[in-house]
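Below: one structure, written as structure tokens.
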Amino acid sequence: MGTTATAVGIVLGAFMSGMAIGSALSGHPRLEKLHPILTFAALEAFIGIYALASPTILGAVGSVSGQELRFFFAVVSLLPATVAMGASLPVLVRALSASSASGDTIAVSLGTLYTANTAGAVLGPLLAIFWFFPSVGLTATLWVGAGLDFLVATTLVLAHRRFRPPPVHAVEGKESPVSWLVLATVAISGASAMVYEVAWARTLSMVYGSSIYGVSIMLSTFLLGIALGAGLASYLLHRHPTAHPLPRLSKTLVASATLAFFSLIIARSLPFLFLNFYTSLEAREGTLFLSQFIIAALLILPSTIALGATLPLAADALPKPRRSAHVAKLYSWNLIGSAAGAFTASVVLLASLGVEFTIRGAAVSALGMAILLLARSGRFSVPTAAMAGSFILIILALDPSGARLVKSFGVYSGAQTYASYEIGQLRDIVASHELLYYRDGPTATVAVQQIENFRLLKINGKTDASNGPGDVATQLLLGHLPFLLKDAKRVGVIGWGSGMTVGAVLRHPVELVHAFEIEPAVIEASRFFEPLNGQPLDDERLELVLGDARNQLRRGETTYDVIISEPSNPWITGVSNLFTKDFFEIAAKRLEPDGLFCQWFHLYGMSEELTRSLIATFRQVFPHVIAFQDRDLILIGGRNPLELSLDRLDALYRNPEIQQSLTLAQMQYPSDVLASMTLDAKGTAAFSDGTRLNTDDNMYLELQAPRSLYRNDIEAILTAMRKHPPDVLAHLTDVGSEAKVRIELAASYFTAERLDEALVQTEEAVAIESSFEGQKLRGQILQQLGRDDEAKAALQHALEAGGDDAGRRFVEAMLRALDSPVGH
């Protein structure tokens with residue numbers, strides 16, 4: 001279904017809705033006649049069986065054509081397992097409350113089981129992400145989960161006789177219904193909890209990034225708060241029962257909403273707190289994850305503890321005699337609210353209202369419900385109502401979020417640089433930036449900031465594009481380099497960024513460009529990079545495709561001559577699946593037989609092993625690969641041997657617009673482009689040989705890249721690559737004079753201060769033909785290397801070879817300088 005906000009919202013909503021249906025069905029009188037332990041065992045066994053079958057089921061759903069129909073079947077496919085999950089808790093409540101004939105302890109039973117169940121849910125994401133996924137992969141983790149289901153089911157079947165089934169009481173007269181007010185309260189509580197969770201997840205992504213570890217820590221922290229709240233409520237109900245439960249429930253709702261509002265104030269300081277942790281703790285993975293947990297706990301725990309207490313306290317307000325059917329109804333309404341909150345927050349609220357107003361709106365709704373609950377309770381509390389009403393006014397009147405500049409600055413992404421500053425100095429640095437654009441989009445928060453002449457596009461706080469020289473060169477070269485190998489007419493570009501890459505592509509005589517971008521706010525923000533980006537949005541040949549690029553390519557029918565992929569970093573969950581073998585195979589199916597795939601990959605924050613893994617994975621699908629650039633690596637791969645046409649390269653430089661764009665990318669001459677080759681086809685094969693591939697199942701890059709985020713291994717990686725120097729001329733066609741090409745290539749190396757490579761090319765050139773230009777350049781290189789005697793000999797050879805008057809005067813001046821006793 002992809003990773004768009006709509007897809008995520010539908011999955012979350014469908015999951016919660018299935019559980020709500022299961023909870024409602026568990027209260028059916030026929031089910032109450034069954035032994036609850038055996039019923040629970042059967043539910044667990046079914047969940048395990050369905051889990052094992054789910055890859056086949058979801059694979060079948062994936063083959064359905066038509067997005068609406070596919071979404072429908074995807075939702076339906078989740079229902080069997082989630083219905084069983086939703087039914088399990090009310091069934092167990094009936095088993096645990098069996099010792100009480102009246103069923104009056106059912107609220108305590110619910111609180112106890114809800115605590116235990118949610119405590120297990122706290123461990124689930126942590127065990128999966130930190131242990132099972134890295135150890136055995138995604139598929140085997142599914143088997144482990146199913147195995148645990150079967151273990152629980154088998155154990156309970158063997159031990160069920162030790163549990164006395166609860167008596168089935170005949171209900172005399174009309175059964176008391178559950179108050180609509182209590183049902184509405186738990187629904188509002190469930191909805192607000194999920195709204196807060198979605199908003200907090202976005203907030204934390206701007207504090208410490210969106211790695212899979214950060215997401216799992218956030219989720220587990222949220223569930224920890226729910227478990228603690230349920231446990232405290234259960235203890236309170238056991239030790240301090242009350243005949244008037246509604247005022248207590250109302251106060252809890254007030255507390256949850258108020259604390260959620262204060263989380264916006266706490267969020268102001270979290271970026272700087274993260275930097276404090278980074279600078280004060282040892283730079284180890286464990287301390288980094290611990291700091292993420294502490295930050296998440298400060299933001300999330302206060303409110304979620306109150307939210308976790310709501311369901312057990314609401315169960316205490318159920319009519320007597322309390323039956324498991326009442327609990328089932330109560331739990332189902334809570335889940336209905338959760339489903340609605342998850343869907344509306346993901347699909348509507350965040351993009352429409354932004355993070356702050358989304359939280360404030362949910363808090364006001366909860367406070368309004370608390371006042372209504374208090375008013376109908378029969379024990380109206382003026383202080384509680386006044387407090388709730390006051391907080392509604394405060395929430396509506398105050399803006400606790402602080403400057404958007406701080407939130408979108410992304411201190412975490414530059415932690416290594418900012419660690420040397422005092423917090424006061426860092427605040428001054430942040431304040432020196434001007435915020436030109438800010439929007440909480442459906443999938444990310446996008447900002448454009450400016451300091452002096454530099455303009456930065458930031459997504460969830462991390463700079464993804466800028467007008468800095470290095471970024472401009474990378475963005476433009478991604479759009480130009482494929483045209484050195486192929487005259488492309490149909491091009492796909494994954495990731496919009498500043499729009500510079502698409503703008504570069506559109507400078508060529510293409511017929512169609514499909515640009516895939518998942519976040520609409522990025523498109524809006526790119527206007528701030530005009531006219532530098534070539535204003536691609538105004539070009540009729542461009543078709544914007546808003547959505548998940550992987551899903552769109554999998555479903556699309558268009559074939560391309562070239563696909564260029566420049567998503568965000570592979571350590572970001574939701575982006576990492578654009579760097580797997582499975583994705584490259586999807587993309588290959590959308591290429592013409594002689595099509596090319598161009599992939600961006602960064603070396604900063606990466607280890608040598610991860611770089612080798614990415615290249616090896618890329619080569620598995622595109623066996624003929626060459627690499628350009630260094631800090632930002634550009635891979636170009638295809639299924640056929642790659643050849644660069646010098647005639648085509650020269651023709652590009654004869655086009656004024658393309659020549660201007662290439663010059664902006666620091667490629668003054670055609671030979672500069674050739675000199676930017678880092679690895680040739682043999683080099684990419686040798687460098688990546690024998691390493692682990694990155695797949696959807698092993699999630700290797702997604703799991704390992706966040707662990708190397710603050711490493712600085714660029715020089716080590718480049719040193720390893722230099723062991724496999726590229727044979728540029730082996731990939732060239734239309735060479736003409738080999739000696740001339742080598743001299744031009746050597747001149748580009750010399751300008752880039754890559755003296756050893758320059759010397760190799762000049763010596764190859766003069767071995768073919770001892771020309772004036774070749775010997776002169778050789779002499780300059782040797783002089784820079786400190787090999788003066790050899791330099792003088794080369795310069796003498798240059799004079800013997802001829803040369804024009806200006807050139808000869810330059811050589812003679814160099815010889816005098818080399819002979820000078822003063823030095824040179």
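Following the order of the structure tokens, chains are lettered A, B, ..., residues in each are numbered from 1, and ligands are numbered from 1.
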- request: Extract, using only C-alpha atoms, all DNA, RNA and protein residues at most 10 Å from segment 48-51 of chain A, discarding same-chain residues fewer than 3 positions from it, and format them as a list of chain:residue names.
  value: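 Those residues are A:Ala42, A:Leu43, A:Glu44, A:Ala45, A:Ser54, A:Pro55, A:Thr56, A:Ile57, A:Ser77, A:Leu78, A:Pro80, A:Ala81, A:Leu142, A:Trp143, A:Val144, A:Gly145, A:Ala146, A:Gly147, A:Leu148, A:Asp149, A:Phe150, A:Leu151, A:Ala153.
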message: At a cut-off of 6 Å, using only C-alpha atoms, what residues contact Gly22 of chain A? Leave out same-chain residues fewer than 5 positions from it and give the result as a PyMOL selection string.
response: chain A and resi 83-84+86-87
message: Could you tell me how far atom CA of Gly190 of chain A sits from atom CA of Lys329 of chain A, in Å to one decimal place?
response: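 About the pair atom CA of Lys329 of chain A and atom CA of Gly190 of chain A: they are 13.8 Å apart.
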Selected residue, from A:Ala328, A:Leu367, A:Ala201, A:Met194, that lies nearest to Glu32 of chain A when counting only C-alpha atoms: A:Ala328
- line: For Thr695 of chain A, the closest of A:Asp630, A:Glu585, A:Asp727, A:Asp647 counting only C-alpha atoms is A:Glu585
